[in-house]
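K.L.:
For reference, the file model-v8.csv (CSV, C-alpha atoms) is included below:
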```csv
chain,number,residue,atom,x,y,z
T,1,MET,CA,-0.7,36.1,-9.7
T,2,SER,CA,-1.2,32.5,-10.8
T,3,VAL,CA,-2.9,29.9,-8.7
T,4,ARG,CA,-1.2,26.6,-8.6
T,5,THR,CA,-3.3,23.4,-8.5
T,6,PRO,CA,-2.0,20.9,-6.1
T,7,SER,CA,-0.8,17.6,-7.5
T,8,ARG,CA,-1.2,15.6,-4.3
T,9,VAL,CA,-3.7,15.3,-1.5
T,10,HIS,CA,-3.3,14.3,2.1
T,11,VAL,CA,-5.5,11.4,3.2
T,12,PHE,CA,-6.0,10.0,6.7
T,13,SER,CA,-8.0,7.2,8.2
T,14,TRP,CA,-8.7,6.8,11.9
T,15,ALA,CA,-9.4,3.1,11.2
T,16,THR,CA,-5.8,2.6,10.2
T,17,ARG,CA,-4.2,5.6,12.0
T,18,VAL,CA,-2.1,6.2,8.8
T,19,SER,CA,-1.8,9.3,6.7
T,20,LEU,CA,-0.5,9.4,3.1
T,21,GLU,CA,0.0,11.8,0.3
T,22,LEU,CA,-1.6,10.6,-2.9
T,23,PRO,CA,-1.9,12.1,-6.4
T,24,VAL,CA,-5.0,14.1,-7.1
T,25,GLY,CA,-7.5,11.6,-8.4
T,26,PHE,CA,-7.1,9.0,-5.7
T,27,VAL,CA,-10.1,8.8,-3.4
T,28,GLN,CA,-11.0,6.8,-0.3
T,29,ALA,CA,-13.0,3.9,-1.8
T,30,ASP,CA,-13.6,2.0,1.4
T,31,GLU,CA,-12.9,2.0,5.1
T,32,ALA,CA,-13.4,-1.0,7.5
T,33,PRO,CA,-12.8,0.0,11.1
T,34,GLU,CA,-13.6,-3.5,12.3
T,35,ILE,CA,-10.4,-4.8,10.6
T,36,ASN,CA,-8.4,-1.5,10.8
T,37,ALA,CA,-8.3,-1.1,7.0
T,38,ALA,CA,-8.8,1.6,4.4
T,39,VAL,CA,-8.7,1.4,0.6
T,40,TYR,CA,-7.8,4.3,-1.7
T,41,ALA,CA,-8.4,4.1,-5.5
T,42,ASP,CA,-7.5,6.1,-8.5
T,43,ASP,CA,-10.4,8.1,-9.8
T,44,LEU,CA,-11.6,5.6,-12.3
T,45,ASP,CA,-14.2,5.8,-15.1
T,46,ALA,CA,-16.0,3.2,-17.1
T,47,ASP,CA,-13.2,3.1,-19.7
T,48,ALA,CA,-10.5,2.3,-17.1
T,49,PRO,CA,-12.0,0.0,-14.4
T,50,LEU,CA,-8.6,-1.5,-13.3
T,51,GLY,CA,-6.5,1.4,-12.0
T,52,GLY,CA,-4.3,1.6,-9.0
T,53,ARG,CA,-5.4,0.8,-5.5
T,54,ILE,CA,-3.8,1.2,-2.1
T,55,LEU,CA,-4.8,-0.8,0.9
T,56,VAL,CA,-3.6,0.4,4.3
T,57,LYS,CA,-4.1,-1.9,7.3
T,58,ALA,CA,-3.0,-2.0,10.9
T,59,VAL,CA,-2.4,-5.7,11.8
T,60,PRO,CA,-2.1,-6.6,15.5
T,61,VAL,CA,0.8,-8.9,16.4
T,62,PRO,CA,2.1,-10.4,19.6
T,63,PRO,CA,4.0,-7.8,21.6
T,64,GLY,CA,7.8,-8.1,21.2
T,65,ASP,CA,7.6,-10.1,18.0
T,66,GLU,CA,10.5,-8.4,16.2
T,67,GLU,CA,10.1,-10.7,13.2
T,68,ALA,CA,6.4,-10.0,12.5
T,69,ALA,CA,7.0,-7.6,9.6
T,70,GLY,CA,9.3,-10.0,7.8
T,71,ASP,CA,7.0,-13.0,8.6
T,72,LEU,CA,4.0,-11.2,7.1
T,73,ALA,CA,6.1,-10.3,4.0
T,74,ASP,CA,7.1,-13.9,3.6
T,75,VAL,CA,3.6,-15.2,3.9
T,76,SER,CA,2.4,-12.8,1.2
T,77,ALA,CA,5.3,-13.7,-1.1
T,78,GLU,CA,4.7,-17.4,-0.6
T,79,LEU,CA,1.1,-17.5,-1.6
T,80,PRO,CA,0.4,-19.7,-4.6
T,81,GLY,CA,1.1,-18.1,-8.0
T,82,ARG,CA,3.0,-15.1,-6.6
T,83,ALA,CA,6.5,-14.3,-7.9
T,84,LEU,CA,8.7,-12.1,-5.7
T,85,GLU,CA,10.5,-9.7,-8.0
T,86,TRP,CA,12.6,-8.0,-5.2
T,87,ARG,CA,12.7,-7.2,-1.5
T,88,ARG,CA,14.6,-4.5,0.3
T,89,GLU,CA,14.7,-2.6,3.6
T,90,ILE,CA,13.4,1.0,3.7
T,91,GLU,CA,12.3,3.5,6.3
T,92,VAL,CA,8.7,4.6,6.7
T,93,ASP,CA,8.1,7.4,9.2
T,94,GLY,CA,11.5,6.9,10.7
T,95,ARG,CA,11.0,3.1,11.2
T,96,ASP,CA,12.7,0.2,9.5
T,97,ALA,CA,10.3,-1.5,7.1
T,98,VAL,CA,10.3,-4.3,4.5
T,99,LEU,CA,9.4,-3.3,0.9
T,100,GLN,CA,8.7,-6.0,-1.7
T,101,LEU,CA,7.3,-6.2,-5.3
T,102,LEU,CA,5.3,-9.2,-6.3
T,103,ARG,CA,3.7,-10.2,-9.6
T,104,TYR,CA,0.8,-12.6,-10.1
T,105,ARG,CA,-2.5,-13.3,-11.8
T,106,GLN,CA,-5.5,-11.8,-10.0
T,107,GLU,CA,-7.9,-14.6,-10.9
T,108,ASP,CA,-11.1,-12.8,-9.8
T,109,LEU,CA,-10.3,-10.0,-12.2
T,110,ASP,CA,-8.6,-12.1,-14.8
T,111,VAL,CA,-5.6,-9.8,-15.0
T,112,GLU,CA,-1.8,-9.8,-14.3
T,113,VAL,CA,-1.0,-7.5,-11.5
T,114,VAL,CA,2.0,-5.9,-9.7
T,115,ARG,CA,1.8,-5.6,-5.9
T,116,LEU,CA,4.1,-3.3,-4.0
T,117,GLU,CA,4.0,-4.0,-0.2
T,118,ALA,CA,5.5,-2.3,2.8
T,119,TYR,CA,5.4,-3.8,6.3
T,120,VAL,CA,6.2,-1.4,9.1
T,121,PRO,CA,6.5,-2.8,12.7
T,122,THR,CA,5.6,-0.7,15.7
T,123,GLY,CA,5.5,-2.8,18.9
T,124,ALA,CA,2.2,-4.8,18.9
T,125,THR,CA,1.1,-3.6,15.4
T,126,VAL,CA,2.5,-4.0,11.9
T,127,PHE,CA,1.2,-1.5,9.4
T,128,SER,CA,0.9,-2.9,5.9
T,129,LEU,CA,0.8,-0.6,2.9
T,130,THR,CA,-0.2,-2.4,-0.3
T,131,GLY,CA,-0.3,-0.9,-3.8
T,132,LEU,CA,-2.0,-3.0,-6.5
T,133,ALA,CA,-2.2,-2.3,-10.2
T,134,PRO,CA,-2.5,-4.1,-13.5
T,135,THR,CA,1.0,-5.1,-14.9
T,136,HIS,CA,0.4,-3.0,-18.0
T,137,ALA,CA,0.2,0.1,-15.8
T,138,ALA,CA,3.1,-0.8,-13.5
T,139,ASP,CA,5.3,2.0,-14.9
T,140,ARG,CA,2.6,4.5,-14.0
T,141,TYR,CA,1.6,3.2,-10.6
T,142,VAL,CA,4.7,1.7,-8.9
T,143,PRO,CA,6.3,5.1,-8.5
T,144,VAL,CA,3.0,6.5,-7.2
T,145,PHE,CA,2.9,3.7,-4.6
T,146,GLU,CA,6.6,4.3,-3.6
T,147,GLN,CA,6.0,8.0,-3.2
T,148,ALA,CA,2.9,7.4,-1.1
T,149,PHE,CA,4.7,4.9,1.2
T,150,SER,CA,7.6,7.4,1.6
T,151,THR,CA,5.1,10.0,2.9
T,152,ALA,CA,3.3,7.7,5.2
T,153,ARG,CA,2.9,8.9,8.8
T,154,LEU,CA,1.8,6.6,11.6
T,155,VAL,CA,-0.4,8.1,14.3
T,156,LEU,CA,0.4,6.0,17.3
T,157,VAL,CA,-2.1,6.6,20.1
```
So that I can check it, write out the structure of this file as structure tokens.

P.N.:
Amino acid sequence: MSVRTPSRVHVFSWATRVSLELPVGFVQADEAPEINAAVYADDLDADAPLGGRILVKAVPVPPGDEEAAGDLADVSAELPGRALEWRREIEVDGRDAVLQLLRYRQEDLDVEVVRLEAYVPTGATVFSLTGLAPTHAADRYVPVFEQAFSTARLVLV
């Protein structure tokens, strides 16, 4: 009888009320309940300090604002220096969502990055899921981010 090693782990944060499945090696790097946010990072070592990161955040919006998710996506895409590669509609946990891929230079790290973002509206909250990685590692991380977003579950209490 062989024992299979799992390739993914389930993570959850009460600060965001979002669960995801991430590849083994990703760990919760930070949690900020005061801003409803959690950060997960690839298991990095000194030789690879710029791996993948996923930021999950619950953003309060005015109740009934049906355009909030699209508006947040627009604001992010329109920040100076960002280039919108593509945008499409997806479903996250059975809800319509906006998914977009941006490229830009992360000045504080002095590196070109890709940023995959999903915005999921749920009444008075928009859940934002953001994957960030150096451009040279985009082929590795963008599929990881897409898979994580497809497994996201929102715990609405």

K.L.:
Between T:Tyr104, T:Ala37, T:Val114, T:Trp86, which is the closest to T:His136 once you count only C-alpha atoms?

P.N.:
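Looking only at the distances to T:His136, the closest residue turns out to be T:Val114.
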
K.L.:
Pick from T:Ala118, T:Val144, T:Val75, T:Val98: nearest to T:Gly25, with all atoms listed in the file counted?

P.N.:
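Result for the nearest residue to T:Gly25: T:Val144.
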
K.L.:
With only C-alpha atoms as the basis for distance, which of T:Leu99, T:Ala133, T:Val11, T:Val3 is at the shortest distance from T:Leu72?

P.N.:
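The closest residue to T:Leu72 is T:Leu99.
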
K.L.:
With only C-alpha atoms as the atoms that count, which of T:Glu146, T:Glu31, T:Asp71, T:Glu107 lies nearest to T:Pro121?

P.N.:
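Comparing T:Glu146, T:Glu31, T:Asp71, T:Glu107 against T:Pro121, the winner is T:Asp71.
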
K.L.:
Which residue is closest to T:Arg95? Choose from T:Phe149, T:Tyr40, T:Tyr141, T:Trp14 and count all atoms listed in the file.

P.N.:
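Nearest candidate to T:Arg95 out of T:Phe149, T:Tyr40, T:Tyr141, T:Trp14: T:Phe149.
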
K.L.:
At a cut-off of 9 Å, using all atoms listed in the file, what residues contact T:Val92? Leave out same-chain residues fewer than 2 positions from it and give the result as a ChimeraX atom specification.

P.N.:
/T:90,94-97,118,120,149-154

K.L.:
Restricting the output to C-alpha atoms, write the selected residues as a CSV table (one decimal), keeping the file's coordinate frame.

P.N.:
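The resulting file, result_34.csv, is shown below:
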```csv
chain,number,residue,atom,x,y,z
T,90,ILE,CA,13.4,1.0,3.7
T,94,GLY,CA,11.5,6.9,10.7
T,95,ARG,CA,11.0,3.1,11.2
T,96,ASP,CA,12.7,0.2,9.5
T,97,ALA,CA,10.3,-1.5,7.1
T,118,ALA,CA,5.5,-2.3,2.8
T,120,VAL,CA,6.2,-1.4,9.1
T,149,PHE,CA,4.7,4.9,1.2
T,150,SER,CA,7.6,7.4,1.6
T,151,THR,CA,5.1,10.0,2.9
T,152,ALA,CA,3.3,7.7,5.2
T,153,ARG,CA,2.9,8.9,8.8
T,154,LEU,CA,1.8,6.6,11.6
```

K.L.:
Just how far from atom CA of T:Thr122 is atom CA of T:Gly52, in Å to one decimal?

P.N.:
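Distance between the two atoms: 26.7 Å.
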
K.L.:
Rounded to one decimal, what separation in Å do you get between atom CA of T:Leu55 and atom CA of T:Arg4?

P.N.:
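If I compute the distance from atom CA of T:Leu55 to atom CA of T:Arg4, I get 29.2 Å.
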
K.L.:
Neighbours of T:Gln106 within 12 Å (all atoms listed in the file; same-chain residues fewer than 3 positions away dropped), as a list in words?

P.N.:
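Here the qualifying residues turn out to be Leu50, Pro80, Gly81, Arg82, Leu102, Arg103, Leu109, Asp110, Val111, Glu112, Val113, Val114, Arg115, Leu132, Ala133, Pro134 and Thr135 of chain T.
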
K.L.:
For each of T:Ala137, T:Ala124, T:Ile54, T:Val155, take the minimum atom-to-atom distance to T:Ala29, counting all atoms listed in the file, then give the residue where this is smallest.

P.N.:
T:Ile54

K.L.:
What lies within 9 Å of T:Ile35 using all atoms listed in the file, ignoring chain neighbours under 3 positions off, as a VMD selection string?

P.N.:
chain T and resid 15 to 16 32 57 to 59

K.L.:
To one decimal in Å, tell me the separation between atom CA of T:Ala73 and atom CA of T:Asp108.

P.N.:
22.2 Å
